[in-house]
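J.: For reference, the file my_file.cif (mmCIF, N, CA and C atoms) is included below:
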```
data_my_file
loop_
_atom_site.label_atom_id
_atom_site.label_comp_id
_atom_site.auth_asym_id
_atom_site.auth_seq_id
_atom_site.Cartn_x
_atom_site.Cartn_y
_atom_site.Cartn_z
N MET X 27 -12.68 18.91 22.92
CA MET X 27 -11.88 17.84 22.33
C MET X 27 -12.76 16.84 21.57
N ILE X 28 -13.84 16.37 22.20
CA ILE X 28 -14.72 15.39 21.56
C ILE X 28 -15.37 15.99 20.31
N ASN X 29 -15.80 17.25 20.38
CA ASN X 29 -16.42 17.89 19.22
C ASN X 29 -15.46 17.96 18.05
N GLN X 30 -14.21 18.31 18.31
CA GLN X 30 -13.20 18.38 17.23
C GLN X 30 -12.97 16.99 16.65
N THR X 31 -12.94 15.98 17.48
CA THR X 31 -12.74 14.61 17.02
C THR X 31 -13.89 14.19 16.11
N LEU X 32 -15.12 14.49 16.52
CA LEU X 32 -16.28 14.11 15.72
C LEU X 32 -16.29 14.86 14.39
N GLU X 33 -15.91 16.14 14.41
CA GLU X 33 -15.85 16.90 13.17
C GLU X 33 -14.84 16.27 12.21
N ARG X 34 -13.69 15.90 12.72
CA ARG X 34 -12.67 15.25 11.89
C ARG X 34 -13.17 13.92 11.37
N PHE X 35 -13.87 13.21 12.20
CA PHE X 35 -14.29 11.86 11.87
C PHE X 35 -15.35 11.84 10.77
N PHE X 36 -16.30 12.75 10.82
CA PHE X 36 -17.43 12.69 9.91
C PHE X 36 -17.31 13.58 8.68
N ASP X 37 -16.13 14.09 8.38
CA ASP X 37 -16.01 15.00 7.24
C ASP X 37 -15.62 14.30 5.94
N SER X 38 -15.51 12.96 5.95
CA SER X 38 -15.04 12.27 4.75
C SER X 38 -15.57 10.84 4.69
N LYS X 39 -15.97 10.41 3.50
CA LYS X 39 -16.41 9.03 3.33
C LYS X 39 -15.23 8.06 3.51
N TYR X 40 -14.02 8.54 3.21
CA TYR X 40 -12.85 7.68 3.35
C TYR X 40 -12.56 7.38 4.82
N LYS X 41 -12.79 8.35 5.68
CA LYS X 41 -12.56 8.11 7.11
C LYS X 41 -13.50 7.04 7.64
N LEU X 42 -14.73 7.10 7.19
CA LEU X 42 -15.69 6.08 7.64
C LEU X 42 -15.23 4.70 7.18
N ARG X 43 -14.78 4.59 5.93
CA ARG X 43 -14.28 3.30 5.43
C ARG X 43 -13.06 2.85 6.21
N LEU X 44 -12.19 3.79 6.56
CA LEU X 44 -11.00 3.45 7.34
C LEU X 44 -11.36 2.96 8.73
N VAL X 45 -12.27 3.66 9.38
CA VAL X 45 -12.67 3.24 10.73
C VAL X 45 -13.30 1.85 10.67
N LYS X 46 -14.17 1.61 9.69
CA LYS X 46 -14.75 0.27 9.54
C LYS X 46 -13.65 -0.78 9.35
N PHE X 47 -12.68 -0.45 8.51
CA PHE X 47 -11.57 -1.38 8.25
C PHE X 47 -10.83 -1.71 9.54
N PHE X 48 -10.45 -0.69 10.30
CA PHE X 48 -9.67 -0.93 11.52
C PHE X 48 -10.48 -1.65 12.60
N VAL X 49 -11.77 -1.34 12.70
CA VAL X 49 -12.60 -2.01 13.70
C VAL X 49 -12.79 -3.49 13.35
N ARG X 50 -12.97 -3.77 12.07
CA ARG X 50 -13.24 -5.15 11.64
C ARG X 50 -11.99 -6.00 11.43
N ASN X 51 -10.82 -5.37 11.40
CA ASN X 51 -9.58 -6.10 11.15
C ASN X 51 -8.56 -5.81 12.23
N GLU X 52 -8.34 -6.77 13.08
CA GLU X 52 -7.34 -6.60 14.13
C GLU X 52 -5.96 -6.72 13.51
N GLY X 53 -5.04 -5.99 14.04
CA GLY X 53 -3.67 -6.08 13.56
C GLY X 53 -3.14 -4.72 13.16
N LYS X 54 -1.90 -4.76 12.67
CA LYS X 54 -1.21 -3.55 12.24
C LYS X 54 -1.02 -3.63 10.73
N PHE X 55 -1.25 -2.48 10.05
CA PHE X 55 -1.25 -2.47 8.59
C PHE X 55 -0.44 -1.31 8.05
N THR X 56 0.18 -1.52 6.90
CA THR X 56 0.88 -0.45 6.19
C THR X 56 -0.11 0.28 5.30
N ILE X 57 0.29 1.45 4.83
CA ILE X 57 -0.55 2.21 3.89
C ILE X 57 -0.85 1.37 2.66
N ASP X 58 0.17 0.67 2.15
CA ASP X 58 -0.03 -0.14 0.94
C ASP X 58 -1.06 -1.25 1.16
N GLU X 59 -1.01 -1.91 2.31
CA GLU X 59 -1.99 -2.97 2.60
C GLU X 59 -3.40 -2.40 2.69
N ILE X 60 -3.53 -1.28 3.34
CA ILE X 60 -4.85 -0.65 3.48
C ILE X 60 -5.35 -0.19 2.12
N SER X 61 -4.45 0.40 1.33
CA SER X 61 -4.81 0.90 0.00
C SER X 61 -5.30 -0.22 -0.90
N LYS X 62 -4.62 -1.35 -0.88
CA LYS X 62 -5.03 -2.49 -1.71
C LYS X 62 -6.38 -3.04 -1.26
N THR X 63 -6.57 -3.13 0.03
CA THR X 63 -7.81 -3.69 0.57
C THR X 63 -9.01 -2.78 0.28
N LEU X 64 -8.84 -1.49 0.54
CA LEU X 64 -9.96 -0.55 0.40
C LEU X 64 -10.05 0.10 -0.97
N ARG X 65 -9.02 -0.13 -1.78
CA ARG X 65 -8.96 0.46 -3.12
C ARG X 65 -9.08 1.99 -3.07
N ILE X 66 -8.24 2.55 -2.20
CA ILE X 66 -8.17 4.00 -2.04
C ILE X 66 -6.73 4.41 -2.33
N ASN X 67 -6.57 5.51 -3.06
CA ASN X 67 -5.25 6.03 -3.38
C ASN X 67 -4.44 6.26 -2.10
N PRO X 68 -3.18 5.79 -2.06
CA PRO X 68 -2.36 5.96 -0.86
C PRO X 68 -2.18 7.42 -0.42
N LYS X 69 -2.16 8.36 -1.37
CA LYS X 69 -2.02 9.77 -1.01
C LYS X 69 -3.23 10.25 -0.21
N ILE X 70 -4.41 9.81 -0.63
CA ILE X 70 -5.64 10.17 0.10
C ILE X 70 -5.62 9.52 1.47
N LEU X 71 -5.20 8.27 1.52
CA LEU X 71 -5.14 7.54 2.80
C LEU X 71 -4.25 8.23 3.81
N LYS X 72 -3.08 8.68 3.38
CA LYS X 72 -2.14 9.32 4.31
C LYS X 72 -2.78 10.52 5.00
N SER X 73 -3.50 11.32 4.24
CA SER X 73 -4.16 12.49 4.81
C SER X 73 -5.27 12.08 5.77
N GLU X 74 -6.09 11.12 5.37
CA GLU X 74 -7.22 10.70 6.20
C GLU X 74 -6.72 10.00 7.48
N ILE X 75 -5.72 9.16 7.35
CA ILE X 75 -5.18 8.46 8.52
C ILE X 75 -4.53 9.46 9.47
N SER X 76 -3.89 10.47 8.92
CA SER X 76 -3.28 11.51 9.75
C SER X 76 -4.33 12.18 10.63
N ASP X 77 -5.49 12.50 10.05
CA ASP X 77 -6.58 13.09 10.84
C ASP X 77 -7.06 12.14 11.94
N LEU X 78 -7.21 10.86 11.60
CA LEU X 78 -7.65 9.89 12.60
C LEU X 78 -6.60 9.71 13.70
N GLU X 79 -5.35 9.80 13.31
CA GLU X 79 -4.26 9.70 14.29
C GLU X 79 -4.31 10.89 15.25
N LYS X 80 -4.52 12.10 14.71
CA LYS X 80 -4.63 13.30 15.55
C LYS X 80 -5.83 13.20 16.49
N SER X 81 -6.86 12.50 16.06
CA SER X 81 -8.06 12.33 16.89
C SER X 81 -7.87 11.29 17.98
N GLY X 82 -6.77 10.55 17.89
CA GLY X 82 -6.49 9.52 18.89
C GLY X 82 -7.16 8.19 18.62
N ILE X 83 -7.72 8.02 17.44
CA ILE X 83 -8.41 6.79 17.11
C ILE X 83 -7.43 5.74 16.57
N ILE X 84 -6.43 6.22 15.83
CA ILE X 84 -5.44 5.34 15.20
C ILE X 84 -4.08 5.58 15.86
N SER X 85 -3.35 4.50 16.08
CA SER X 85 -1.98 4.58 16.58
C SER X 85 -1.03 4.17 15.47
N THR X 86 0.22 4.62 15.58
CA THR X 86 1.22 4.29 14.57
C THR X 86 2.53 3.88 15.22
N ASN X 87 3.34 3.19 14.42
CA ASN X 87 4.66 2.77 14.87
C ASN X 87 5.51 2.55 13.62
N LEU X 88 6.78 2.89 13.70
CA LEU X 88 7.69 2.65 12.59
C LEU X 88 8.42 1.34 12.84
N GLN X 89 8.32 0.42 11.87
CA GLN X 89 8.94 -0.89 12.02
C GLN X 89 9.58 -1.29 10.69
N LEU X 90 10.89 -1.45 10.68
CA LEU X 90 11.64 -1.82 9.48
C LEU X 90 11.30 -0.90 8.29
N ASN X 91 11.39 0.40 8.52
CA ASN X 91 11.12 1.41 7.50
C ASN X 91 9.68 1.43 6.98
N ASN X 92 8.78 0.74 7.65
CA ASN X 92 7.36 0.76 7.30
C ASN X 92 6.58 1.35 8.47
N LYS X 93 5.73 2.30 8.17
CA LYS X 93 4.87 2.86 9.20
C LYS X 93 3.63 1.98 9.29
N LEU X 94 3.36 1.48 10.49
CA LEU X 94 2.22 0.61 10.73
C LEU X 94 1.12 1.38 11.46
N PHE X 95 -0.12 1.05 11.12
CA PHE X 95 -1.29 1.72 11.69
C PHE X 95 -2.23 0.68 12.27
N TRP X 96 -2.88 1.04 13.39
CA TRP X 96 -3.87 0.15 13.99
C TRP X 96 -4.84 0.95 14.84
N LEU X 97 -5.97 0.34 15.13
CA LEU X 97 -6.98 0.97 15.98
C LEU X 97 -6.46 1.03 17.41
N ASP X 98 -6.49 2.22 18.00
CA ASP X 98 -6.05 2.39 19.38
C ASP X 98 -7.17 1.97 20.32
N LYS X 99 -7.01 0.79 20.89
CA LYS X 99 -8.06 0.25 21.76
C LYS X 99 -8.20 1.03 23.06
N ASN X 100 -7.21 1.87 23.38
CA ASN X 100 -7.28 2.69 24.59
C ASN X 100 -7.94 4.04 24.35
N SER X 101 -8.32 4.31 23.11
CA SER X 101 -9.00 5.57 22.78
C SER X 101 -10.35 5.60 23.49
N PRO X 102 -10.73 6.76 24.02
CA PRO X 102 -12.03 6.86 24.69
C PRO X 102 -13.20 6.56 23.75
N LEU X 103 -12.98 6.70 22.45
CA LEU X 103 -14.06 6.46 21.48
C LEU X 103 -14.08 5.05 20.92
N CYS X 104 -13.09 4.24 21.24
CA CYS X 104 -12.96 2.92 20.62
C CYS X 104 -14.20 2.04 20.81
N ALA X 105 -14.65 1.92 22.02
CA ALA X 105 -15.82 1.06 22.29
C ALA X 105 -17.06 1.56 21.56
N ASP X 106 -17.24 2.87 21.54
CA ASP X 106 -18.40 3.44 20.85
C ASP X 106 -18.30 3.23 19.34
N LEU X 107 -17.10 3.40 18.79
CA LEU X 107 -16.91 3.17 17.35
C LEU X 107 -17.19 1.73 16.99
N ARG X 108 -16.71 0.81 17.81
CA ARG X 108 -16.98 -0.62 17.58
C ARG X 108 -18.48 -0.87 17.56
N GLY X 109 -19.18 -0.32 18.53
CA GLY X 109 -20.62 -0.50 18.59
C GLY X 109 -21.32 0.03 17.34
N LEU X 110 -20.92 1.22 16.91
CA LEU X 110 -21.52 1.81 15.71
C LEU X 110 -21.22 0.97 14.47
N VAL X 111 -19.97 0.58 14.30
CA VAL X 111 -19.58 -0.17 13.11
C VAL X 111 -20.29 -1.52 13.05
N PHE X 112 -20.41 -2.19 14.18
CA PHE X 112 -21.05 -3.50 14.17
C PHE X 112 -22.55 -3.42 13.97
N LYS X 113 -23.12 -2.25 14.21
CA LYS X 113 -24.54 -2.07 13.94
C LYS X 113 -24.81 -1.81 12.46
N LEU X 114 -23.78 -1.36 11.76
CA LEU X 114 -23.91 -1.11 10.32
C LEU X 114 -23.74 -2.41 9.55
N ALA X 115 -24.56 -2.63 8.56
CA ALA X 115 -24.38 -3.79 7.69
C ALA X 115 -23.13 -3.55 6.84
N PRO X 116 -22.38 -4.61 6.51
CA PRO X 116 -21.18 -4.43 5.70
C PRO X 116 -21.50 -3.91 4.30
N ALA X 117 -22.69 -4.20 3.80
CA ALA X 117 -23.13 -3.72 2.49
C ALA X 117 -24.64 -3.77 2.46
N PRO X 118 -25.26 -2.87 1.69
CA PRO X 118 -26.73 -2.91 1.59
C PRO X 118 -27.20 -4.23 0.98
N GLN X 119 -28.38 -4.67 1.38
CA GLN X 119 -28.91 -5.95 0.90
C GLN X 119 -29.01 -6.02 -0.61
N ASP X 120 -29.44 -4.92 -1.24
CA ASP X 120 -29.58 -4.96 -2.70
C ASP X 120 -28.23 -5.12 -3.40
N LYS X 121 -27.17 -4.55 -2.82
CA LYS X 121 -25.83 -4.72 -3.40
C LYS X 121 -25.36 -6.16 -3.25
N ILE X 122 -25.59 -6.75 -2.09
CA ILE X 122 -25.21 -8.15 -1.87
C ILE X 122 -25.94 -9.04 -2.87
N LYS X 123 -27.24 -8.81 -3.02
CA LYS X 123 -28.04 -9.60 -3.95
C LYS X 123 -27.53 -9.46 -5.38
N LYS X 124 -27.24 -8.22 -5.79
CA LYS X 124 -26.73 -7.95 -7.13
C LYS X 124 -25.39 -8.66 -7.36
N ASP X 125 -24.51 -8.62 -6.36
CA ASP X 125 -23.21 -9.28 -6.48
C ASP X 125 -23.35 -10.80 -6.56
N LEU X 126 -24.30 -11.35 -5.82
CA LEU X 126 -24.53 -12.79 -5.88
C LEU X 126 -25.07 -13.21 -7.25
N ILE X 127 -25.90 -12.38 -7.84
CA ILE X 127 -26.43 -12.67 -9.18
C ILE X 127 -25.29 -12.66 -10.19
N LYS X 128 -24.33 -11.73 -10.04
CA LYS X 128 -23.18 -11.67 -10.94
C LYS X 128 -22.36 -12.97 -10.89
N ILE X 129 -22.28 -13.56 -9.71
CA ILE X 129 -21.53 -14.81 -9.57
C ILE X 129 -22.17 -15.89 -10.44
N GLY X 130 -23.49 -15.91 -10.45
CA GLY X 130 -24.23 -16.86 -11.28
C GLY X 130 -24.36 -18.22 -10.63
N ASN X 131 -25.46 -18.90 -10.93
CA ASN X 131 -25.72 -20.27 -10.50
C ASN X 131 -25.57 -20.48 -8.99
N VAL X 132 -25.99 -19.52 -8.19
CA VAL X 132 -25.99 -19.68 -6.74
C VAL X 132 -27.36 -20.20 -6.34
N LYS X 133 -27.38 -21.41 -5.77
CA LYS X 133 -28.65 -22.03 -5.37
C LYS X 133 -29.04 -21.64 -3.94
N LEU X 134 -28.03 -21.39 -3.12
CA LEU X 134 -28.29 -21.04 -1.73
C LEU X 134 -27.19 -20.10 -1.25
N ALA X 135 -27.58 -19.04 -0.58
CA ALA X 135 -26.64 -18.12 0.04
C ALA X 135 -27.06 -17.93 1.49
N VAL X 136 -26.16 -18.20 2.41
CA VAL X 136 -26.43 -18.03 3.83
C VAL X 136 -25.48 -16.96 4.35
N LEU X 137 -26.05 -15.88 4.85
CA LEU X 137 -25.25 -14.81 5.42
C LEU X 137 -25.22 -14.97 6.93
N ALA X 138 -24.04 -14.89 7.49
CA ALA X 138 -23.87 -15.04 8.94
C ALA X 138 -22.76 -14.10 9.38
N GLY X 139 -22.22 -14.33 10.54
CA GLY X 139 -21.07 -13.57 11.01
C GLY X 139 -21.25 -12.08 10.92
N ILE X 140 -20.36 -11.44 10.18
CA ILE X 140 -20.35 -9.98 10.08
C ILE X 140 -21.67 -9.43 9.53
N PHE X 141 -22.35 -10.20 8.71
CA PHE X 141 -23.63 -9.77 8.15
C PHE X 141 -24.73 -9.76 9.20
N LYS X 142 -24.51 -10.47 10.29
CA LYS X 142 -25.50 -10.53 11.38
C LYS X 142 -24.93 -9.92 12.67
N ASN X 143 -23.91 -9.08 12.51
CA ASN X 143 -23.26 -8.41 13.64
C ASN X 143 -22.67 -9.37 14.66
N LYS X 144 -22.18 -10.50 14.18
CA LYS X 144 -21.51 -11.47 15.03
C LYS X 144 -20.04 -11.51 14.63
N GLN X 145 -19.25 -10.65 15.23
CA GLN X 145 -17.86 -10.48 14.83
C GLN X 145 -17.02 -11.74 15.02
N ASP X 146 -17.34 -12.54 16.01
CA ASP X 146 -16.51 -13.71 16.32
C ASP X 146 -16.99 -14.98 15.63
N ALA X 147 -17.92 -14.88 14.73
CA ALA X 147 -18.43 -16.07 14.03
C ALA X 147 -17.33 -16.67 13.17
N ARG X 148 -17.38 -17.98 12.96
CA ARG X 148 -16.36 -18.67 12.18
C ARG X 148 -16.57 -18.54 10.68
N ILE X 149 -17.77 -18.12 10.28
CA ILE X 149 -18.07 -18.00 8.86
C ILE X 149 -18.95 -16.77 8.64
N ASP X 150 -18.74 -16.09 7.52
CA ASP X 150 -19.54 -14.91 7.20
C ASP X 150 -20.56 -15.21 6.11
N ILE X 151 -20.16 -15.99 5.13
CA ILE X 151 -21.07 -16.29 4.02
C ILE X 151 -20.82 -17.72 3.53
N LEU X 152 -21.91 -18.40 3.23
CA LEU X 152 -21.84 -19.76 2.67
C LEU X 152 -22.63 -19.75 1.36
N LEU X 153 -21.96 -20.12 0.30
CA LEU X 153 -22.60 -20.18 -1.02
C LEU X 153 -22.64 -21.62 -1.51
N VAL X 154 -23.79 -22.03 -2.04
CA VAL X 154 -23.94 -23.34 -2.64
C VAL X 154 -24.38 -23.13 -4.08
N GLY X 155 -23.65 -23.74 -5.01
CA GLY X 155 -23.96 -23.53 -6.43
C GLY X 155 -24.36 -24.80 -7.13
#
```
Take the structure I supplied and represent it as structure tokens, if you would.
T.:
Amino acid sequence: MINQTLERFFDSKYKLRLVKFFVRNEGKFTIDEISKTLRINPKILKSEISDLEKSGIISTNLQLNNKLFWLDKNSPLCADLRGLVFKLAPAPQDKIKKDLIKIGNVKLAVLAGIFKNKQDARIDILLVG
């Protein structure tokens, strides 16, 4: 069972993005909300979420004609996935630096919270221009 779950989990870059999304965002989400946030085609999302649902990582519920998805905190892999995701930086340092340069006129950038694996921090980034 665990081997099949891992095979399903690691066969797509979209699944990794989805797992990161669900671990970092508490709550229940529709396909449209996830698609807008991650900028992934909803058709691709449906297939990838279906695999994660079969693996027991994602739970679903139908509410007012909308199917909602969320991280199943009772999944045997949930704690391990959280640990892995929080050890990963949200973006490579060079990408963050490049994006800050695009903003222009940034005199000070302080990265905290998610950038330092502190999920409960009140702030993630502080920019002074």
J.: List every residue of stretch 78-119 of chain X that DSSP, applied to the backbone, labels as strand (DSSP E), and write the result as an MDAnalysis selection string.
T.: chainID X and resid 84:89 92:97
J.: Find the distance between atom N of X:Thr63 and atom C of X:Ile129 and write it in Å to one decimal.
T.: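 Atom C of X:Ile129 lies at a distance of 22.7 Å from atom N of X:Thr63.
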J.: Which value, in Å to one decimal, gives the distance between atom C of X:Leu97 and atom N of X:Ile84?
T.: 5.4 Å
J.: Would you pick out the contacts of stretch 40-42 of chain X at 8 Å or less, using all atoms listed in the file, so that residues sharing its chain but fewer than 2 positions from it are not included, and give the list as a ChimeraX atom specification?
T.: /X:34-38,44-48,70-71,74-75,78
J.: I'd like the interatomic distance between atom N of X:Val136 and atom C of X:Asn51, to a tenth of an Å.
T.: 23.7 Å
J.: Determine the nearest neighbour of X:Val49 from the options X:Trp96, X:Gly82, X:Leu126, X:Asp150, counting only N, CA and C atoms.
T.: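 Using only N, CA and C atoms, the shortest distance to X:Val49 belongs to X:Trp96.
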J.: From the options X:Phe95, X:Lys80, X:Asn100, X:Leu90, which residue's atoms come nearest to X:Ile57, counting all atoms listed in the file?
T.: X:Phe95
J.: Provide an axis-aligned box for all listed atoms of stretch 42-47 of chain X, padding each side by 3 Å; report its centre and its edge lengths in Å to one decimal, as lines of an AutoDock Vina configuration file.
T.:
```
center_x = -13.3
center_y = 2.7
center_z = 8.1
size_x = 10.9
size_y = 14.8
size_z = 11.3
```
J.: DSSP on the backbone: which residues in chain X end up as helix (DSSP H, G or I)? Give the answer as a PyMOL selection string.
T.: chain X and resi 28-35+39-50+57-64+68-80+104-113+119-129+139-142
J.: Applied to the shown file, which residues does the PyMOL selection byres (((chain X and resi 102 and name CA) around 12) and name CA) return, written as a ChimeraX atom specification?
T.: /X:27-28,31,81-84,97-101,103-108
J.: Evaluating the PyMOL selection byres ((chain X and resi 151) around 6.5) on the displayed file yields which residues, as a count of residues only?
T.: 8
J.: Which residues are close to X:Val154, i.e. within 7 Å by only N, CA and C atoms, leaving aside same-chain residues fewer than 2 positions away? Reply as a ChimeraX atom specification.
T.: /X:131-136,152
J.: Is it possible to get the residues within 6 Å of (-7.3, 2.1, 5.0) (coordinates as in the file, counting only N, CA and C atoms) written as a ChimeraX atom specification?
T.: /X:43-44,60-61,64
